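With PDB, C-alpha atoms and all ligand atoms inside, this is final05.pdb:
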```
ATOM      1  CA  MET H   1     -67.760  -5.707   1.362
ATOM      2  CA  LYS H   2     -70.860  -5.405  -0.793
ATOM      3  CA  VAL H   3     -70.696  -5.398  -4.580
ATOM      4  CA  ILE H   4     -73.669  -3.442  -5.875
ATOM      5  CA  ARG H   5     -74.622  -3.593  -9.537
ATOM      6  CA  THR H   6     -77.914  -1.729  -9.704
ATOM      7  CA  ILE H   7     -78.908   1.875  -9.106
ATOM      8  CA  SER H   8     -81.854   0.891  -6.913
ATOM      9  CA  GLU H   9     -79.701  -1.255  -4.626
ATOM     10  CA  MET H  10     -77.038   1.462  -4.435
ATOM     11  CA  ARG H  11     -79.661   4.042  -3.461
ATOM     12  CA  SER H  12     -81.196   1.898  -0.735
ATOM     13  CA  TRP H  13     -77.779   0.918   0.704
ATOM     14  CA  SER H  14     -76.761   4.556   0.811
ATOM     15  CA  LYS H  15     -80.088   5.597   2.365
ATOM     16  CA  GLU H  16     -79.667   3.072   5.140
ATOM     17  CA  ILE H  17     -76.112   4.256   5.832
ATOM     18  CA  LYS H  18     -77.259   7.883   6.014
ATOM     19  CA  ASN H  19     -80.283   7.001   8.172
ATOM     20  CA  ASN H  20     -77.875   5.438  10.650
ATOM     21  CA  GLY H  21     -76.116   8.790  10.858
ATOM     22  CA  TYR H  22     -72.905   7.589   9.167
ATOM     23  CA  ILE H  23     -70.713   9.865   7.059
ATOM     24  CA  LEU H  24     -70.442   8.424   3.560
ATOM     25  CA  GLY H  25     -67.281   8.978   1.506
ATOM     26  CA  PHE H  26     -67.117   8.239  -2.211
ATOM     27  CA  VAL H  27     -64.252   7.489  -4.595
ATOM     28  CA  PRO H  28     -65.339   7.401  -8.253
ATOM     29  CA  THR H  29     -62.950   5.423 -10.495
ATOM     30  CA  MET H  30     -62.778   3.696 -13.840
ATOM     31  CA  GLY H  31     -61.152   0.670 -12.208
ATOM     32  CA  PHE H  32     -57.806  -0.982 -12.927
ATOM     33  CA  LEU H  33     -56.840   0.381  -9.538
ATOM     34  CA  HIS H  34     -53.289   1.376  -8.681
ATOM     35  CA  GLU H  35     -51.597   3.041  -5.694
ATOM     36  CA  GLY H  36     -52.984   6.413  -6.816
ATOM     37  CA  HIS H  37     -56.576   5.152  -6.452
ATOM     38  CA  LEU H  38     -55.728   3.399  -3.184
ATOM     39  CA  SER H  39     -54.440   6.696  -1.802
ATOM     40  CA  LEU H  40     -57.844   8.251  -2.625
ATOM     41  CA  ILE H  41     -59.581   5.413  -0.778
ATOM     42  CA  ARG H  42     -57.264   5.889   2.221
ATOM     43  CA  GLU H  43     -58.008   9.615   2.182
ATOM     44  CA  ALA H  44     -61.764   8.857   2.133
ATOM     45  CA  LYS H  45     -61.413   6.422   5.015
ATOM     46  CA  LYS H  46     -59.792   9.145   7.134
ATOM     47  CA  HIS H  47     -62.968  11.228   7.079
ATOM     48  CA  ALA H  48     -65.799   8.721   6.508
ATOM     49  CA  ASP H  49     -67.610   6.036   8.492
ATOM     50  CA  LYS H  50     -68.376   4.143   5.287
ATOM     51  CA  VAL H  51     -66.667   4.301   1.886
ATOM     52  CA  VAL H  52     -68.096   3.490  -1.547
ATOM     53  CA  VAL H  53     -65.850   3.052  -4.597
ATOM     54  CA  SER H  54     -67.462   3.092  -8.038
ATOM     55  CA  ILE H  55     -65.876   1.201 -10.899
ATOM     56  CA  TYR H  56     -67.256   2.179 -14.269
ATOM     57  CA  VAL H  57     -65.457   2.872 -17.548
ATOM     58  CA  ASN H  58     -67.612   5.738 -18.713
ATOM     59  CA  PRO H  59     -68.063   5.664 -22.515
ATOM     60  CA  THR H  60     -69.190   9.293 -22.827
ATOM     61  CA  GLN H  61     -65.841  10.706 -21.711
ATOM     62  CA  PHE H  62     -63.928   8.975 -24.524
ATOM     63  CA  GLY H  63     -63.806  10.599 -27.958
ATOM     64  CA  PRO H  64     -63.893   8.787 -31.294
ATOM     65  CA  GLY H  65     -60.597   6.947 -31.844
ATOM     66  CA  GLU H  66     -59.676   7.115 -28.137
ATOM     67  CA  ASP H  67     -58.959   4.063 -25.988
ATOM     68  CA  PHE H  68     -62.451   3.222 -24.624
ATOM     69  CA  GLU H  69     -62.388  -0.391 -25.903
ATOM     70  CA  LYS H  70     -58.768  -0.943 -24.936
ATOM     71  CA  TYR H  71     -58.996   0.765 -21.545
ATOM     72  CA  PRO H  72     -57.624  -1.804 -19.035
ATOM     73  CA  ARG H  73     -60.251  -3.612 -16.981
ATOM     74  CA  ASP H  74     -59.804  -6.242 -14.247
ATOM     75  CA  PHE H  75     -62.728  -6.320 -11.870
ATOM     76  CA  ALA H  76     -61.606  -9.402  -9.925
ATOM     77  CA  ARG H  77     -58.310  -7.694  -9.056
ATOM     78  CA  ASP H  78     -60.034  -4.378  -8.238
ATOM     79  CA  GLU H  79     -62.478  -6.168  -5.948
ATOM     80  CA  LYS H  80     -59.629  -7.792  -4.003
ATOM     81  CA  LEU H  81     -57.823  -4.456  -3.640
ATOM     82  CA  CYS H  82     -60.973  -2.722  -2.386
ATOM     83  CA  LEU H  83     -61.569  -5.503   0.120
ATOM     84  CA  LYS H  84     -57.994  -5.204   1.366
ATOM     85  CA  GLU H  85     -58.394  -1.425   1.788
ATOM     86  CA  GLY H  86     -61.526  -1.910   3.894
ATOM     87  CA  VAL H  87     -63.972  -0.436   1.361
ATOM     88  CA  ASP H  88     -67.586  -0.978   2.449
ATOM     89  CA  ALA H  89     -69.257  -1.126  -0.957
ATOM     90  CA  VAL H  90     -68.190  -1.239  -4.592
ATOM     91  CA  PHE H  91     -70.686   0.184  -7.070
ATOM     92  CA  TYR H  92     -70.124  -1.703 -10.334
ATOM     93  CA  PRO H  93     -72.901  -0.829 -12.775
ATOM     94  CA  ASP H  94     -73.042  -1.712 -16.482
ATOM     95  CA  ASP H  95     -73.834   0.590 -19.411
ATOM     96  CA  GLN H  96     -77.514  -0.295 -19.367
ATOM     97  CA  GLN H  97     -77.771   0.878 -15.769
ATOM     98  CA  MET H  98     -75.895   4.112 -16.393
ATOM     99  CA  TYR H  99     -77.144   5.152 -19.838
ATOM    100  CA  GLY H 100     -80.640   4.005 -20.763
ATOM    101  CA  PRO H 101     -81.498   3.935 -24.487
ATOM    102  CA  LEU H 102     -83.350   7.268 -24.196
ATOM    103  CA  HIS H 103     -80.522   9.118 -22.441
ATOM    104  CA  LYS H 104     -80.341  12.729 -23.681
ATOM    105  CA  THR H 105     -79.149  14.885 -20.776
ATOM    106  CA  TYR H 106     -75.595  16.107 -20.285
ATOM    107  CA  VAL H 107     -73.893  18.451 -17.846
ATOM    108  CA  ILE H 108     -71.553  21.019 -19.377
ATOM    109  CA  THR H 109     -69.244  23.300 -17.439
ATOM    110  CA  GLU H 110     -68.749  26.145 -19.902
ATOM    111  CA  ASP H 111     -65.279  27.557 -20.658
ATOM    112  CA  LEU H 112     -63.398  25.485 -18.058
ATOM    113  CA  SER H 113     -63.956  22.402 -20.201
ATOM    114  CA  LYS H 114     -62.549  24.019 -23.346
ATOM    115  CA  VAL H 115     -58.965  24.668 -22.205
ATOM    116  CA  LEU H 116     -55.982  22.337 -21.557
ATOM    117  CA  CYS H 117     -57.176  18.721 -21.997
ATOM    118  CA  GLY H 118     -60.588  19.966 -23.115
ATOM    119  CA  ARG H 119     -59.015  21.532 -26.209
ATOM    120  CA  SER H 120     -57.436  18.239 -27.319
ATOM    121  CA  ARG H 121     -60.301  16.044 -26.110
ATOM    122  CA  PRO H 122     -63.541  17.797 -27.102
ATOM    123  CA  GLY H 123     -66.517  16.375 -25.223
ATOM    124  CA  HIS H 124     -64.322  14.664 -22.610
ATOM    125  CA  PHE H 125     -65.343  16.864 -19.687
ATOM    126  CA  ARG H 126     -68.994  16.809 -20.738
ATOM    127  CA  GLY H 127     -68.778  13.041 -20.254
ATOM    128  CA  VAL H 128     -66.971  13.398 -16.934
ATOM    129  CA  THR H 129     -69.358  15.950 -15.418
ATOM    130  CA  THR H 130     -72.376  14.008 -16.641
ATOM    131  CA  ILE H 131     -71.261  10.703 -15.120
ATOM    132  CA  VAL H 132     -70.070  12.323 -11.887
ATOM    133  CA  ALA H 133     -73.406  14.154 -11.519
ATOM    134  CA  LYS H 134     -75.240  10.870 -12.085
ATOM    135  CA  LEU H 135     -73.007   9.029  -9.605
ATOM    136  CA  PHE H 136     -73.510  11.752  -6.983
ATOM    137  CA  ASN H 137     -77.283  11.449  -7.430
ATOM    138  CA  ILE H 138     -77.132   7.676  -7.104
ATOM    139  CA  VAL H 139     -74.562   7.285  -4.308
ATOM    140  CA  GLN H 140     -75.553  10.462  -2.397
ATOM    141  CA  PRO H 141     -72.205  10.764  -0.603
ATOM    142  CA  ASP H 142     -71.304  13.412   1.969
ATOM    143  CA  PHE H 143     -67.966  13.908   0.242
ATOM    144  CA  ALA H 144     -66.057  12.594  -2.750
ATOM    145  CA  VAL H 145     -62.312  12.294  -3.304
ATOM    146  CA  PHE H 146     -60.594  13.121  -6.608
ATOM    147  CA  GLY H 147     -56.899  13.115  -7.495
ATOM    148  CA  GLN H 148     -54.809  16.219  -8.157
ATOM    149  CA  LYS H 149     -53.302  14.289 -11.083
ATOM    150  CA  ASP H 150     -56.484  15.207 -13.005
ATOM    151  CA  ALA H 151     -56.230  18.817 -11.849
ATOM    152  CA  GLN H 152     -58.602  20.212 -14.487
ATOM    153  CA  GLN H 153     -61.174  17.520 -13.718
ATOM    154  CA  ALA H 154     -61.066  18.405 -10.011
ATOM    155  CA  ILE H 155     -61.532  22.129 -10.737
ATOM    156  CA  ILE H 156     -64.431  21.456 -13.119
ATOM    157  CA  ILE H 157     -66.157  19.144 -10.650
ATOM    158  CA  LYS H 158     -65.799  21.696  -7.856
ATOM    159  CA  ARG H 159     -67.410  24.295 -10.130
ATOM    160  CA  MET H 160     -70.232  21.904 -11.106
ATOM    161  CA  VAL H 161     -70.927  21.071  -7.449
ATOM    162  CA  GLU H 162     -71.112  24.740  -6.549
ATOM    163  CA  ASP H 163     -73.144  25.767  -9.606
ATOM    164  CA  LEU H 164     -75.664  22.913  -9.332
ATOM    165  CA  ASN H 165     -75.805  22.931  -5.518
ATOM    166  CA  PHE H 166     -74.831  19.317  -4.977
ATOM    167  CA  PRO H 167     -74.616  18.684  -1.208
ATOM    168  CA  VAL H 168     -71.245  16.978  -1.687
ATOM    169  CA  GLU H 169     -67.879  18.182  -0.428
ATOM    170  CA  ILE H 170     -65.002  17.728  -2.875
ATOM    171  CA  VAL H 171     -61.671  16.596  -1.454
ATOM    172  CA  VAL H 172     -58.594  16.691  -3.691
ATOM    173  CA  ALA H 173     -55.778  14.274  -2.817
ATOM    174  CA  PRO H 174     -52.126  14.675  -3.896
ATOM    175  CA  ILE H 175     -50.541  12.996  -6.923
ATOM    176  CA  ILE H 176     -48.968   9.612  -6.192
ATOM    177  CA  ARG H 177     -45.755   8.937  -8.103
ATOM    178  CA  GLU H 178     -43.562   5.960  -8.902
ATOM    179  CA  ALA H 179     -40.099   6.022  -7.246
ATOM    180  CA  ASP H 180     -38.670   7.716 -10.366
ATOM    181  CA  GLY H 181     -41.310  10.453 -10.354
ATOM    182  CA  LEU H 182     -43.723   9.214 -13.045
ATOM    183  CA  ALA H 183     -47.284   9.997 -11.955
ATOM    184  CA  MET H 184     -49.299   6.809 -11.460
ATOM    185  CA  SER H 185     -51.916   6.208 -14.129
ATOM    186  CA  SER H 186     -53.814   3.240 -15.537
ATOM    187  CA  ARG H 187     -52.522   4.349 -18.936
ATOM    188  CA  ASN H 188     -48.857   3.788 -17.933
ATOM    189  CA  LYS H 189     -49.637   0.177 -18.811
ATOM    190  CA  TYR H 190     -49.571   1.150 -22.510
ATOM    191  CA  LEU H 191     -45.899   2.266 -22.333
ATOM    192  CA  SER H 192     -43.116   0.146 -23.860
ATOM    193  CA  PRO H 193     -40.070  -0.355 -21.559
ATOM    194  CA  GLN H 194     -38.210   2.357 -23.506
ATOM    195  CA  GLN H 195     -41.151   4.799 -23.326
ATOM    196  CA  ARG H 196     -41.518   4.038 -19.620
ATOM    197  CA  LYS H 197     -37.891   5.129 -19.092
ATOM    198  CA  GLU H 198     -38.328   8.259 -21.193
ATOM    199  CA  ALA H 199     -41.603   9.251 -19.514
ATOM    200  CA  THR H 200     -39.731  10.234 -16.339
ATOM    201  CA  VAL H 201     -38.793  13.417 -18.201
ATOM    202  CA  LEU H 202     -42.305  14.768 -17.570
ATOM    203  CA  TYR H 203     -41.814  15.064 -13.831
ATOM    204  CA  ARG H 204     -38.259  16.295 -14.302
ATOM    205  CA  SER H 205     -39.591  19.074 -16.545
ATOM    206  CA  LEU H 206     -42.110  20.072 -13.858
ATOM    207  CA  LYS H 207     -39.385  20.075 -11.202
ATOM    208  CA  LEU H 208     -37.245  22.233 -13.466
ATOM    209  CA  ALA H 209     -40.129  24.724 -13.641
ATOM    210  CA  GLU H 210     -40.499  24.631  -9.877
ATOM    211  CA  HIS H 211     -36.779  25.300  -9.491
ATOM    212  CA  GLU H 212     -37.010  28.313 -11.822
ATOM    213  CA  PHE H 213     -40.004  29.635  -9.881
ATOM    214  CA  LYS H 214     -38.249  29.188  -6.547
ATOM    215  CA  ARG H 215     -35.295  31.213  -7.721
ATOM    216  CA  GLY H 216     -37.628  34.059  -8.666
ATOM    217  CA  ASN H 217     -38.012  33.477 -12.395
ATOM    218  CA  PHE H 218     -41.722  34.120 -13.082
ATOM    219  CA  ASP H 219     -41.329  34.303 -16.862
ATOM    220  CA  LEU H 220     -43.771  31.511 -17.650
ATOM    221  CA  GLU H 221     -43.110  31.570 -21.411
ATOM    222  CA  ALA H 222     -39.374  31.096 -20.827
ATOM    223  CA  ILE H 223     -40.044  28.348 -18.288
ATOM    224  CA  LYS H 224     -42.372  26.518 -20.696
ATOM    225  CA  ALA H 225     -39.723  26.799 -23.439
ATOM    226  CA  LYS H 226     -37.145  25.185 -21.125
ATOM    227  CA  MET H 227     -39.572  22.373 -20.304
ATOM    228  CA  ARG H 228     -40.346  21.837 -23.976
ATOM    229  CA  HIS H 229     -36.630  21.679 -24.779
ATOM    230  CA  LEU H 230     -35.981  19.127 -22.031
ATOM    231  CA  ILE H 231     -38.866  16.873 -23.090
ATOM    232  CA  GLU H 232     -37.950  17.075 -26.773
ATOM    233  CA  THR H 233     -34.262  16.364 -26.251
ATOM    234  CA  GLU H 234     -34.659  13.572 -23.685
ATOM    235  CA  SER H 235     -37.611  11.663 -25.078
ATOM    236  CA  THR H 236     -39.575  10.701 -28.164
ATOM    237  CA  GLY H 237     -42.750  12.038 -26.522
ATOM    238  CA  GLN H 238     -44.877  14.386 -28.620
ATOM    239  CA  ILE H 239     -46.057  17.358 -26.650
ATOM    240  CA  ASP H 240     -49.795  17.966 -26.797
ATOM    241  CA  TYR H 241     -49.572  21.006 -24.526
ATOM    242  CA  ILE H 242     -47.581  22.641 -21.759
ATOM    243  CA  GLU H 243     -49.660  25.376 -20.169
ATOM    244  CA  ALA H 244     -49.592  27.666 -17.179
ATOM    245  CA  VAL H 245     -52.964  28.836 -15.840
ATOM    246  CA  ASP H 246     -54.444  30.167 -12.630
ATOM    247  CA  ALA H 247     -54.639  27.195 -10.245
ATOM    248  CA  GLU H 248     -58.206  27.967  -9.179
ATOM    249  CA  THR H 249     -59.913  29.459 -12.216
ATOM    250  CA  LEU H 250     -57.849  27.989 -15.086
ATOM    251  CA  GLY H 251     -57.734  31.576 -16.363
ATOM    252  CA  LYS H 252     -54.763  33.868 -17.008
ATOM    253  CA  PRO H 253     -52.024  33.183 -14.456
ATOM    254  CA  VAL H 254     -50.709  35.894 -12.127
ATOM    255  CA  PRO H 255     -47.353  34.441 -11.022
ATOM    256  CA  GLY H 256     -46.036  35.748  -7.733
ATOM    257  CA  LYS H 257     -49.555  36.786  -6.652
ATOM    258  CA  ARG H 258     -51.723  33.677  -7.132
ATOM    259  CA  SER H 259     -50.908  29.976  -7.400
ATOM    260  CA  VAL H 260     -50.136  28.804 -10.923
ATOM    261  CA  LEU H 261     -51.108  25.399 -12.289
ATOM    262  CA  LEU H 262     -48.434  24.208 -14.681
ATOM    263  CA  ALA H 263     -49.946  21.313 -16.624
ATOM    264  CA  LEU H 264     -48.798  19.179 -19.506
ATOM    265  CA  ALA H 265     -49.987  16.384 -21.760
ATOM    266  CA  VAL H 266     -47.533  14.366 -23.821
ATOM    267  CA  PHE H 267     -48.156  11.487 -26.220
ATOM    268  CA  PHE H 268     -46.034   8.374 -25.872
ATOM    269  CA  HIS H 269     -48.141   6.576 -28.440
ATOM    270  CA  PRO H 270     -50.564   4.988 -27.829
ATOM    271  CA  ALA H 271     -50.524   6.545 -24.341
ATOM    272  CA  ARG H 272     -51.293  10.186 -23.665
ATOM    273  CA  LEU H 273     -49.840  11.079 -20.256
ATOM    274  CA  ILE H 274     -50.792  14.095 -18.177
ATOM    275  CA  ASP H 275     -49.075  15.600 -15.165
ATOM    276  CA  ASN H 276     -48.969  18.914 -13.321
ATOM    277  CA  ILE H 277     -47.512  20.910 -10.486
ATOM    278  CA  ILE H 278     -48.787  23.867  -8.485
ATOM    279  CA  LEU H 279     -46.339  26.762  -8.317
ATOM    280  CA  LYS H 280     -47.040  28.926  -5.305
TER     281      LYS H 280
HETATM  282  O1  LIG H 301     -60.934  10.204 -12.982
HETATM  283  C1  LIG H 301     -61.577   9.237 -13.412
HETATM  284  O2  LIG H 301     -61.193   8.082 -13.248
HETATM  285  C2  LIG H 301     -62.878   9.479 -14.154
HETATM  286  O3  LIG H 301     -62.790  10.619 -14.954
HETATM  287  C3  LIG H 301     -64.115   9.539 -13.241
HETATM  288  C4  LIG H 301     -64.040  10.718 -12.295
HETATM  289  C5  LIG H 301     -64.220   8.256 -12.452
HETATM  290  C6  LIG H 301     -65.374   9.702 -14.088
HETATM  291  O4  LIG H 301     -65.550   8.630 -14.956
END
```

I'd like the structure from this file rewritten - as structure tokens, please.
Amino acid sequence: MKVIRTISEMRSWSKEIKNNGYILGFVPTMGFLHEGHLSLIREAKKHADKVVVSIYVNPTQFGPGEDFEKYPRDFARDEKLCLKEGVDAVFYPDDQQMYGPLHKTYVITEDLSKVLCGRSRPGHFRGVTTIVAKLFNIVQPDFAVFGQKDAQQAIIIKRMVEDLNFPVEIVVAPIIREADGLAMSSRNKYLSPQQRKEATVLYRSLKLAEHEFKRGNFDLEAIKAKMRHLIETESTGQIDYIEAVDAETLGKPVPGKRSVLLALAVFFHPARLIDNIILK
């Protein structure tokens, strides 16, 4: 497995792979890999001849006062995990490679980046789309795999790829959960043992919504109220949002006719956990 630290080396490696007629799959990450990331790598390996994983904690997607400095990093461990998964190359650039001192250009996906997490984290998706666009231009993959856990991110990236005509197919892989239902996340590391126990209420609240939907209750406001009640009575988590939107457009939901994305973000300080479910 190659560890590539510069843009020029990444470009020439990728060019050689493509010239040999191989299909190149890409998994962008911020490192501190867990089973969720490994499932994305496994998904990529199903469809690709060669797989690149990028590991880069992107400063532009963190707002002031967020956890950029504290974000967990362990490259040696990540490298071992990638090797074990049969990754062909790890792209591990530093800030100087990714953002030169004169950097001024950003990619903004209007509207989609202002709802849900975008409302509480202004500028977050501008950072995400900018770094993903840069990574696509550097790695030049045939397809890239993102997790459904970051449902809004996946929708925004799909829109960006279509709007800016990137020749990259976007694959979205399912959420990977702990045995008790908590969605895997690098930020789960911030939880105290008590918070970790309480955080299982997030998935239970989503399952409750699914149950309501399955029995024909499409009253999304009532469902959200039930979820809110469950989270507030069974945990100390502070709800940032619980929202129901159209699963493709993030616009107004039409339950019973189109799939609904039910998404939530809850603070278990200092962690902010997100999770979601698609109600069909
Ligand atoms: O999902 C993530 O880990 C990040 O937002 C991404 C896509 C790697 C961009 O930094």

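For range 97-101 of chain H, the set of protein, DNA and RNA residues having any atom at most 9 Å away, when counting only C-alpha atoms and skipping those fewer than 6 positions along the same chain, is Arg5, Thr6, Ile7, Asn58, Ile131, Lys134 and Leu135 of chain H.
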
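The residues returned by the PyMOL selection byres (((chain H and resi 59) around 10) and not hetatm) on the shown structure are Tyr56, Val57, Asn58, Thr60, Gln61, Phe62, Gly63, Asp67, Phe68, Glu69, Asp95, Tyr99, His124, Gly127, Val128 and Ile131 of chain H.
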
With C-alpha atoms retained, write the just-selected residues as an mmCIF file, in the frame of the given file.
```
data_model
loop_
_atom_site.group_PDB
_atom_site.id
_atom_site.type_symbol
_atom_site.label_atom_id
_atom_site.label_comp_id
_atom_site.auth_asym_id
_atom_site.auth_seq_id
_atom_site.Cartn_x
_atom_site.Cartn_y
_atom_site.Cartn_z
ATOM 1 C CA TYR H 56 -67.256 2.179 -14.269
ATOM 2 C CA VAL H 57 -65.457 2.872 -17.548
ATOM 3 C CA ASN H 58 -67.612 5.738 -18.713
ATOM 4 C CA THR H 60 -69.190 9.293 -22.827
ATOM 5 C CA GLN H 61 -65.841 10.706 -21.711
ATOM 6 C CA PHE H 62 -63.928 8.975 -24.524
ATOM 7 C CA GLY H 63 -63.806 10.599 -27.958
ATOM 8 C CA ASP H 67 -58.959 4.063 -25.988
ATOM 9 C CA PHE H 68 -62.451 3.222 -24.624
ATOM 10 C CA GLU H 69 -62.388 -0.391 -25.903
ATOM 11 C CA ASP H 95 -73.834 0.590 -19.411
ATOM 12 C CA TYR H 99 -77.144 5.152 -19.838
ATOM 13 C CA HIS H 124 -64.322 14.664 -22.610
ATOM 14 C CA GLY H 127 -68.778 13.041 -20.254
ATOM 15 C CA VAL H 128 -66.971 13.398 -16.934
ATOM 16 C CA ILE H 131 -71.261 10.703 -15.120
#
```

Work out how far CA of Lys2 in chain H is from CA of Leu83 in chain H, in Å to one decimal.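 Distance reported for this atom pair: 9.3 Å.
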
Once the PyMOL selection byres (((not hetatm)) within 10 of (chain H and resi 301)) has been applied to the shown file, what residues remain in the selection, as a PyMOL selection string? chain H and resi 27-33+37+53-62+124-125+127-133+135+144-151+153-154+157+185-186

Run the PyMOL selection byres (((chain H and resi 78) around 10) and not hetatm) against the file shown and list the residues it catches, as a PyMOL selection string. chain H and resi 31-34+55+73-77+79-84+90

Go through H:Glu248, H:Glu169, H:Asp88, H:Asp219 one by one, measure the shortest atom-to-atom distance of each to Val52 in chain H using all atoms listed in the file, and give the residue with the smallest value. H:Asp88

Name all residues at most 8 Å from Thr236 in chain H (count all atoms listed in the file; drop same-chain ones fewer than 5 positions away) and give them as a list of chain:residue names.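 What passes the distance filter is H:Gln195, H:Glu198, H:Phe268.
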
Prev. selection, C-alpha atoms, output as a compact mmCIF listing (two decimals), keeping the file's coordinate frame:
```txt
# COMPACT_ATOMS: atom_id res chain seq x y z
CA GLN H 195 -41.15 4.80 -23.33
CA GLU H 198 -38.33 8.26 -21.19
CA PHE H 268 -46.03 8.37 -25.87
```

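You will find CA of Asp142 in chain H at 6.2 Å from CA of Ile23 in chain H.
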
Selection as a list in words: residues within 10 Å of (-55.6, 28.4, -12.3), counting all atoms listed in the file: Ala151, Gln152, Ile155, Ala244, Val245, Asp246, Ala247, Glu248, Thr249, Leu250, Gly251, Lys252, Pro253, Val254, Arg258, Ser259, Val260, Leu261, Leu262 and Ile278 of chain H

Need the axis-aligned box for range 231-247 of chain H with 4 Å each side, so what are the centre and edges in Å to one decimal, as AutoDock Vina command-line options?
```
--center_x -44.5 --center_y 20.4 --center_z -19.4 --size_x 28.4 --size_y 27.5 --size_z 26.4
```
